[in-house]
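Here is the file query.cif (mmCIF, C-alpha atoms, pLDDT in the B column; chains and numbers go by the auth columns).
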```cif
data_run
loop_
_atom_site.group_PDB
_atom_site.id
_atom_site.type_symbol
_atom_site.label_atom_id
_atom_site.label_comp_id
_atom_site.label_asym_id
_atom_site.label_seq_id
_atom_site.Cartn_x
_atom_site.Cartn_y
_atom_site.Cartn_z
_atom_site.B_iso_or_equiv
_atom_site.auth_seq_id
_atom_site.auth_asym_id
ATOM 1 C CA MET A 1 82.020 54.428 121.676 93.00 1 J
ATOM 2 C CA LYS A 2 82.725 51.980 118.871 95.00 2 J
ATOM 3 C CA LEU A 3 85.467 49.451 119.691 94.00 3 J
ATOM 4 C CA SER A 4 85.305 47.610 116.367 92.00 4 J
ATOM 5 C CA LYS A 5 83.017 47.300 113.360 90.00 5 J
ATOM 6 C CA ASN A 6 80.322 45.404 115.296 88.00 6 J
ATOM 7 C CA PHE A 7 81.023 46.039 118.986 91.00 7 J
ATOM 8 C CA THR A 8 80.583 49.071 121.228 93.00 8 J
ATOM 9 C CA LEU A 9 81.950 49.942 124.643 93.00 9 J
ATOM 10 C CA GLU A 10 78.401 50.298 125.925 89.00 10 J
ATOM 11 C CA GLU A 11 77.405 46.729 125.068 88.00 11 J
ATOM 12 C CA LEU A 12 80.580 45.300 126.612 88.00 12 J
ATOM 13 C CA THR A 13 80.228 47.262 129.841 86.00 13 J
ATOM 14 C CA ALA A 14 76.443 47.108 130.297 81.00 14 J
ATOM 15 C CA THR A 15 75.359 45.830 133.686 76.00 15 J
ATOM 16 C CA SER A 16 72.305 45.898 135.873 75.00 16 J
ATOM 17 C CA HIS A 17 74.492 45.852 138.995 71.00 17 J
ATOM 18 C CA ARG A 18 74.427 49.351 140.467 71.00 18 J
ATOM 19 C CA LYS A 19 77.864 49.051 142.112 70.00 19 J
ATOM 20 C CA LEU A 20 79.525 48.596 138.711 62.00 20 J
ATOM 21 C CA GLN A 21 78.408 51.857 137.099 64.00 21 J
ATOM 22 C CA ASP A 22 81.894 53.424 137.073 71.00 22 J
ATOM 23 C CA ALA A 23 83.365 54.366 133.721 83.00 23 J
ATOM 24 C CA PRO A 24 86.183 52.051 132.612 89.00 24 J
ATOM 25 C CA SER A 25 89.740 53.391 132.593 92.00 25 J
ATOM 26 C CA MET A 26 91.595 54.010 129.329 95.00 26 J
ATOM 27 C CA GLU A 27 93.609 50.830 129.969 97.00 27 J
ATOM 28 C CA VAL A 28 90.403 48.793 130.248 94.00 28 J
ATOM 29 C CA ILE A 29 89.015 50.422 127.100 95.00 29 J
ATOM 30 C CA ARG A 30 92.222 49.550 125.185 97.00 30 J
ATOM 31 C CA ASN A 31 92.025 45.952 126.437 96.00 31 J
ATOM 32 C CA LEU A 32 88.367 45.672 125.404 95.00 32 J
ATOM 33 C CA GLN A 33 89.212 47.130 122.004 96.00 33 J
ATOM 34 C CA ASN A 34 91.983 44.541 121.555 96.00 34 J
ATOM 35 C CA LEU A 35 89.545 41.801 122.565 94.00 35 J
ATOM 36 C CA CYS A 36 87.037 43.041 119.994 92.00 36 J
ATOM 37 C CA ILE A 37 89.541 43.443 117.177 93.00 37 J
ATOM 38 C CA HIS A 38 91.489 40.216 117.695 93.00 38 J
ATOM 39 C CA VAL A 39 88.881 37.811 119.108 90.00 39 J
ATOM 40 C CA LEU A 40 85.248 38.905 118.909 88.00 40 J
ATOM 41 C CA GLN A 41 85.312 40.590 115.501 87.00 41 J
ATOM 42 C CA PRO A 42 86.897 37.577 113.748 86.00 42 J
ATOM 43 C CA LEU A 43 84.337 35.321 115.442 82.00 43 J
ATOM 44 C CA SER A 44 81.475 37.547 114.319 79.00 44 J
ATOM 45 C CA GLY A 45 82.328 36.642 110.725 71.00 45 J
ATOM 46 C CA THR A 46 81.662 32.960 111.382 64.00 46 J
ATOM 47 C CA HIS A 47 78.301 31.256 111.160 61.00 47 J
ATOM 48 C CA LEU A 48 77.881 31.283 114.929 60.00 48 J
ATOM 49 C CA PRO A 49 74.822 33.141 116.184 63.00 49 J
ATOM 50 C CA ARG A 50 75.778 36.398 117.941 60.00 50 J
ATOM 51 C CA SER A 51 74.377 35.035 121.207 66.00 51 J
ATOM 52 C CA ALA A 52 77.051 32.303 121.119 62.00 52 J
ATOM 53 C CA LEU A 53 79.861 34.876 121.170 59.00 53 J
ATOM 54 C CA PRO A 54 81.457 35.685 124.526 62.00 54 J
ATOM 55 C CA LEU A 55 79.906 38.757 126.140 59.00 55 J
ATOM 56 C CA ALA A 56 77.107 38.951 123.603 47.00 56 J
#
```
Mind turning the file's structure into structure tokens?
Amino acid sequence: MKLSKNFTLEELTATSHRKLQDAPSMEVIRNLQNLCIHVLQPLSGTHLPRSALPLA
């Protein structure tokens, strides 16, 4: 699921910890989408490498 132009739900919820495999609630998805739209997406337009972005 695409949360913004450059970020997906899958990349923001990926984990290797087996106990955290539950699907996020709609409230969590909305919060992640707001994070992407208002924080991460604007930062992705800067000259920072993607690995320097939070959660990247």
Distance query Gln33 (chain J) at most 9 Å, only C-alpha atoms, self and fewer than 4 positions along chain excluded, as an mmCIF file with C-alpha atoms, in the frame of the given file:
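Result saved to selection.cif:
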```cif
data_model
loop_
_atom_site.group_PDB
_atom_site.id
_atom_site.type_symbol
_atom_site.label_atom_id
_atom_site.label_comp_id
_atom_site.auth_asym_id
_atom_site.auth_seq_id
_atom_site.Cartn_x
_atom_site.Cartn_y
_atom_site.Cartn_z
ATOM 1 C CA LYS J 2 82.725 51.980 118.871
ATOM 2 C CA LEU J 3 85.467 49.451 119.691
ATOM 3 C CA SER J 4 85.305 47.610 116.367
ATOM 4 C CA PHE J 7 81.023 46.039 118.986
ATOM 5 C CA THR J 8 80.583 49.071 121.228
ATOM 6 C CA LEU J 9 81.950 49.942 124.643
ATOM 7 C CA VAL J 28 90.403 48.793 130.248
ATOM 8 C CA ILE J 29 89.015 50.422 127.100
ATOM 9 C CA ILE J 37 89.541 43.443 117.177
ATOM 10 C CA HIS J 38 91.489 40.216 117.695
#
```
Could you tell me which of J:Glu11, J:Arg18, J:Asn6, J:Met26 comes closest to Gln41 (chain J) if we count all atoms listed in the file? J:Asn6
Give me, as a list of chain:residue names, all polymer residues having an atom no more than 12 Å from Pro24 (chain J), counting only C-alpha atoms and skipping those fewer than 4 positions away in the same chain.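 Close residues of Pro24 (chain J): J:Met1, J:Leu9, J:Glu10, J:Leu12, J:Thr13, J:Ala14, J:Leu20, J:Val28, J:Ile29, J:Arg30, J:Asn31, J:Leu32.
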Would you mind writing region 25-47 of chain J with N, CA, C and O atoms, as a PDB file, in the frame of the given file?
```
ATOM      1  N   SER J  25      88.530  52.607 132.835  1.00 92.00           N
ATOM      2  CA  SER J  25      89.740  53.391 132.593  1.00 92.00           C
ATOM      3  C   SER J  25      90.168  53.247 131.137  1.00 92.00           C
ATOM      4  O   SER J  25      89.701  52.358 130.418  1.00 92.00           O
ATOM      5  N   MET J  26      91.082  54.095 130.699  1.00 95.00           N
ATOM      6  CA  MET J  26      91.595  54.010 129.329  1.00 95.00           C
ATOM      7  C   MET J  26      92.287  52.671 129.089  1.00 95.00           C
ATOM      8  O   MET J  26      92.212  52.117 128.001  1.00 95.00           O
ATOM      9  N   GLU J  27      92.952  52.137 130.106  1.00 97.00           N
ATOM     10  CA  GLU J  27      93.609  50.830 129.969  1.00 97.00           C
ATOM     11  C   GLU J  27      92.572  49.737 129.718  1.00 97.00           C
ATOM     12  O   GLU J  27      92.759  48.874 128.850  1.00 97.00           O
ATOM     13  N   VAL J  28      91.478  49.774 130.440  1.00 94.00           N
ATOM     14  CA  VAL J  28      90.403  48.793 130.248  1.00 94.00           C
ATOM     15  C   VAL J  28      89.790  48.945 128.854  1.00 94.00           C
ATOM     16  O   VAL J  28      89.540  47.959 128.165  1.00 94.00           O
ATOM     17  N   ILE J  29      89.579  50.184 128.430  1.00 95.00           N
ATOM     18  CA  ILE J  29      89.015  50.422 127.100  1.00 95.00           C
ATOM     19  C   ILE J  29      89.951  49.863 126.023  1.00 95.00           C
ATOM     20  O   ILE J  29      89.505  49.204 125.085  1.00 95.00           O
ATOM     21  N   ARG J  30      91.262  50.096 126.158  1.00 97.00           N
ATOM     22  CA  ARG J  30      92.222  49.550 125.185  1.00 97.00           C
ATOM     23  C   ARG J  30      92.192  48.025 125.180  1.00 97.00           C
ATOM     24  O   ARG J  30      92.245  47.402 124.123  1.00 97.00           O
ATOM     25  N   ASN J  31      92.098  47.418 126.358  1.00 96.00           N
ATOM     26  CA  ASN J  31      92.025  45.952 126.437  1.00 96.00           C
ATOM     27  C   ASN J  31      90.748  45.421 125.802  1.00 96.00           C
ATOM     28  O   ASN J  31      90.774  44.415 125.088  1.00 96.00           O
ATOM     29  N   LEU J  32      89.623  46.081 126.033  1.00 95.00           N
ATOM     30  CA  LEU J  32      88.367  45.672 125.404  1.00 95.00           C
ATOM     31  C   LEU J  32      88.437  45.840 123.891  1.00 95.00           C
ATOM     32  O   LEU J  32      87.936  45.000 123.143  1.00 95.00           O
ATOM     33  N   GLN J  33      89.073  46.917 123.447  1.00 96.00           N
ATOM     34  CA  GLN J  33      89.212  47.130 122.004  1.00 96.00           C
ATOM     35  C   GLN J  33      90.070  46.025 121.382  1.00 96.00           C
ATOM     36  O   GLN J  33      89.734  45.496 120.322  1.00 96.00           O
ATOM     37  N   ASN J  34      91.155  45.647 122.050  1.00 96.00           N
ATOM     38  CA  ASN J  34      91.983  44.541 121.555  1.00 96.00           C
ATOM     39  C   ASN J  34      91.193  43.238 121.525  1.00 96.00           C
ATOM     40  O   ASN J  34      91.307  42.467 120.574  1.00 96.00           O
ATOM     41  N   LEU J  35      90.394  42.992 122.542  1.00 94.00           N
ATOM     42  CA  LEU J  35      89.545  41.801 122.565  1.00 94.00           C
ATOM     43  C   LEU J  35      88.596  41.805 121.373  1.00 94.00           C
ATOM     44  O   LEU J  35      88.452  40.795 120.673  1.00 94.00           O
ATOM     45  N   CYS J  36      87.974  42.940 121.124  1.00 92.00           N
ATOM     46  CA  CYS J  36      87.037  43.041 119.994  1.00 92.00           C
ATOM     47  C   CYS J  36      87.734  42.827 118.661  1.00 92.00           C
ATOM     48  O   CYS J  36      87.257  42.061 117.818  1.00 92.00           O
ATOM     49  N   ILE J  37      88.845  43.496 118.463  1.00 93.00           N
ATOM     50  CA  ILE J  37      89.541  43.443 117.177  1.00 93.00           C
ATOM     51  C   ILE J  37      90.126  42.064 116.900  1.00 93.00           C
ATOM     52  O   ILE J  37      90.018  41.544 115.788  1.00 93.00           O
ATOM     53  N   HIS J  38      90.731  41.452 117.915  1.00 93.00           N
ATOM     54  CA  HIS J  38      91.489  40.216 117.695  1.00 93.00           C
ATOM     55  C   HIS J  38      90.720  38.935 117.987  1.00 93.00           C
ATOM     56  O   HIS J  38      91.131  37.863 117.536  1.00 93.00           O
ATOM     57  N   VAL J  39      89.622  39.029 118.740  1.00 90.00           N
ATOM     58  CA  VAL J  39      88.881  37.811 119.108  1.00 90.00           C
ATOM     59  C   VAL J  39      87.423  37.889 118.656  1.00 90.00           C
ATOM     60  O   VAL J  39      86.971  37.072 117.866  1.00 90.00           O
ATOM     61  N   LEU J  40      86.683  38.859 119.171  1.00 88.00           N
ATOM     62  CA  LEU J  40      85.248  38.905 118.909  1.00 88.00           C
ATOM     63  C   LEU J  40      84.909  39.231 117.462  1.00 88.00           C
ATOM     64  O   LEU J  40      84.021  38.611 116.877  1.00 88.00           O
ATOM     65  N   GLN J  41      85.608  40.203 116.881  1.00 87.00           N
ATOM     66  CA  GLN J  41      85.312  40.590 115.501  1.00 87.00           C
ATOM     67  C   GLN J  41      85.567  39.433 114.527  1.00 87.00           C
ATOM     68  O   GLN J  41      84.713  39.137 113.701  1.00 87.00           O
ATOM     69  N   PRO J  42      86.707  38.735 114.630  1.00 86.00           N
ATOM     70  CA  PRO J  42      86.897  37.577 113.748  1.00 86.00           C
ATOM     71  C   PRO J  42      85.823  36.499 113.947  1.00 86.00           C
ATOM     72  O   PRO J  42      85.370  35.885 112.984  1.00 86.00           O
ATOM     73  N   LEU J  43      85.393  36.299 115.186  1.00 82.00           N
ATOM     74  CA  LEU J  43      84.337  35.321 115.442  1.00 82.00           C
ATOM     75  C   LEU J  43      82.993  35.769 114.877  1.00 82.00           C
ATOM     76  O   LEU J  43      82.177  34.938 114.482  1.00 82.00           O
ATOM     77  N   SER J  44      82.769  37.066 114.818  1.00 79.00           N
ATOM     78  CA  SER J  44      81.475  37.547 114.319  1.00 79.00           C
ATOM     79  C   SER J  44      81.312  37.260 112.834  1.00 79.00           C
ATOM     80  O   SER J  44      80.201  37.267 112.324  1.00 79.00           O
ATOM     81  N   GLY J  45      82.400  36.980 112.133  1.00 71.00           N
ATOM     82  CA  GLY J  45      82.328  36.642 110.725  1.00 71.00           C
ATOM     83  C   GLY J  45      82.045  35.176 110.469  1.00 71.00           C
ATOM     84  O   GLY J  45      81.892  34.753 109.331  1.00 71.00           O
ATOM     85  N   THR J  46      81.962  34.383 111.526  1.00 64.00           N
ATOM     86  CA  THR J  46      81.662  32.960 111.382  1.00 64.00           C
ATOM     87  C   THR J  46      80.154  32.765 111.322  1.00 64.00           C
ATOM     88  O   THR J  46      79.388  33.716 111.412  1.00 64.00           O
ATOM     89  N   HIS J  47      79.731  31.552 111.224  1.00 61.00           N
ATOM     90  CA  HIS J  47      78.301  31.256 111.160  1.00 61.00           C
ATOM     91  C   HIS J  47      77.693  31.021 112.538  1.00 61.00           C
ATOM     92  O   HIS J  47      76.569  30.533 112.636  1.00 61.00           O
TER      93      HIS J  47
END
```
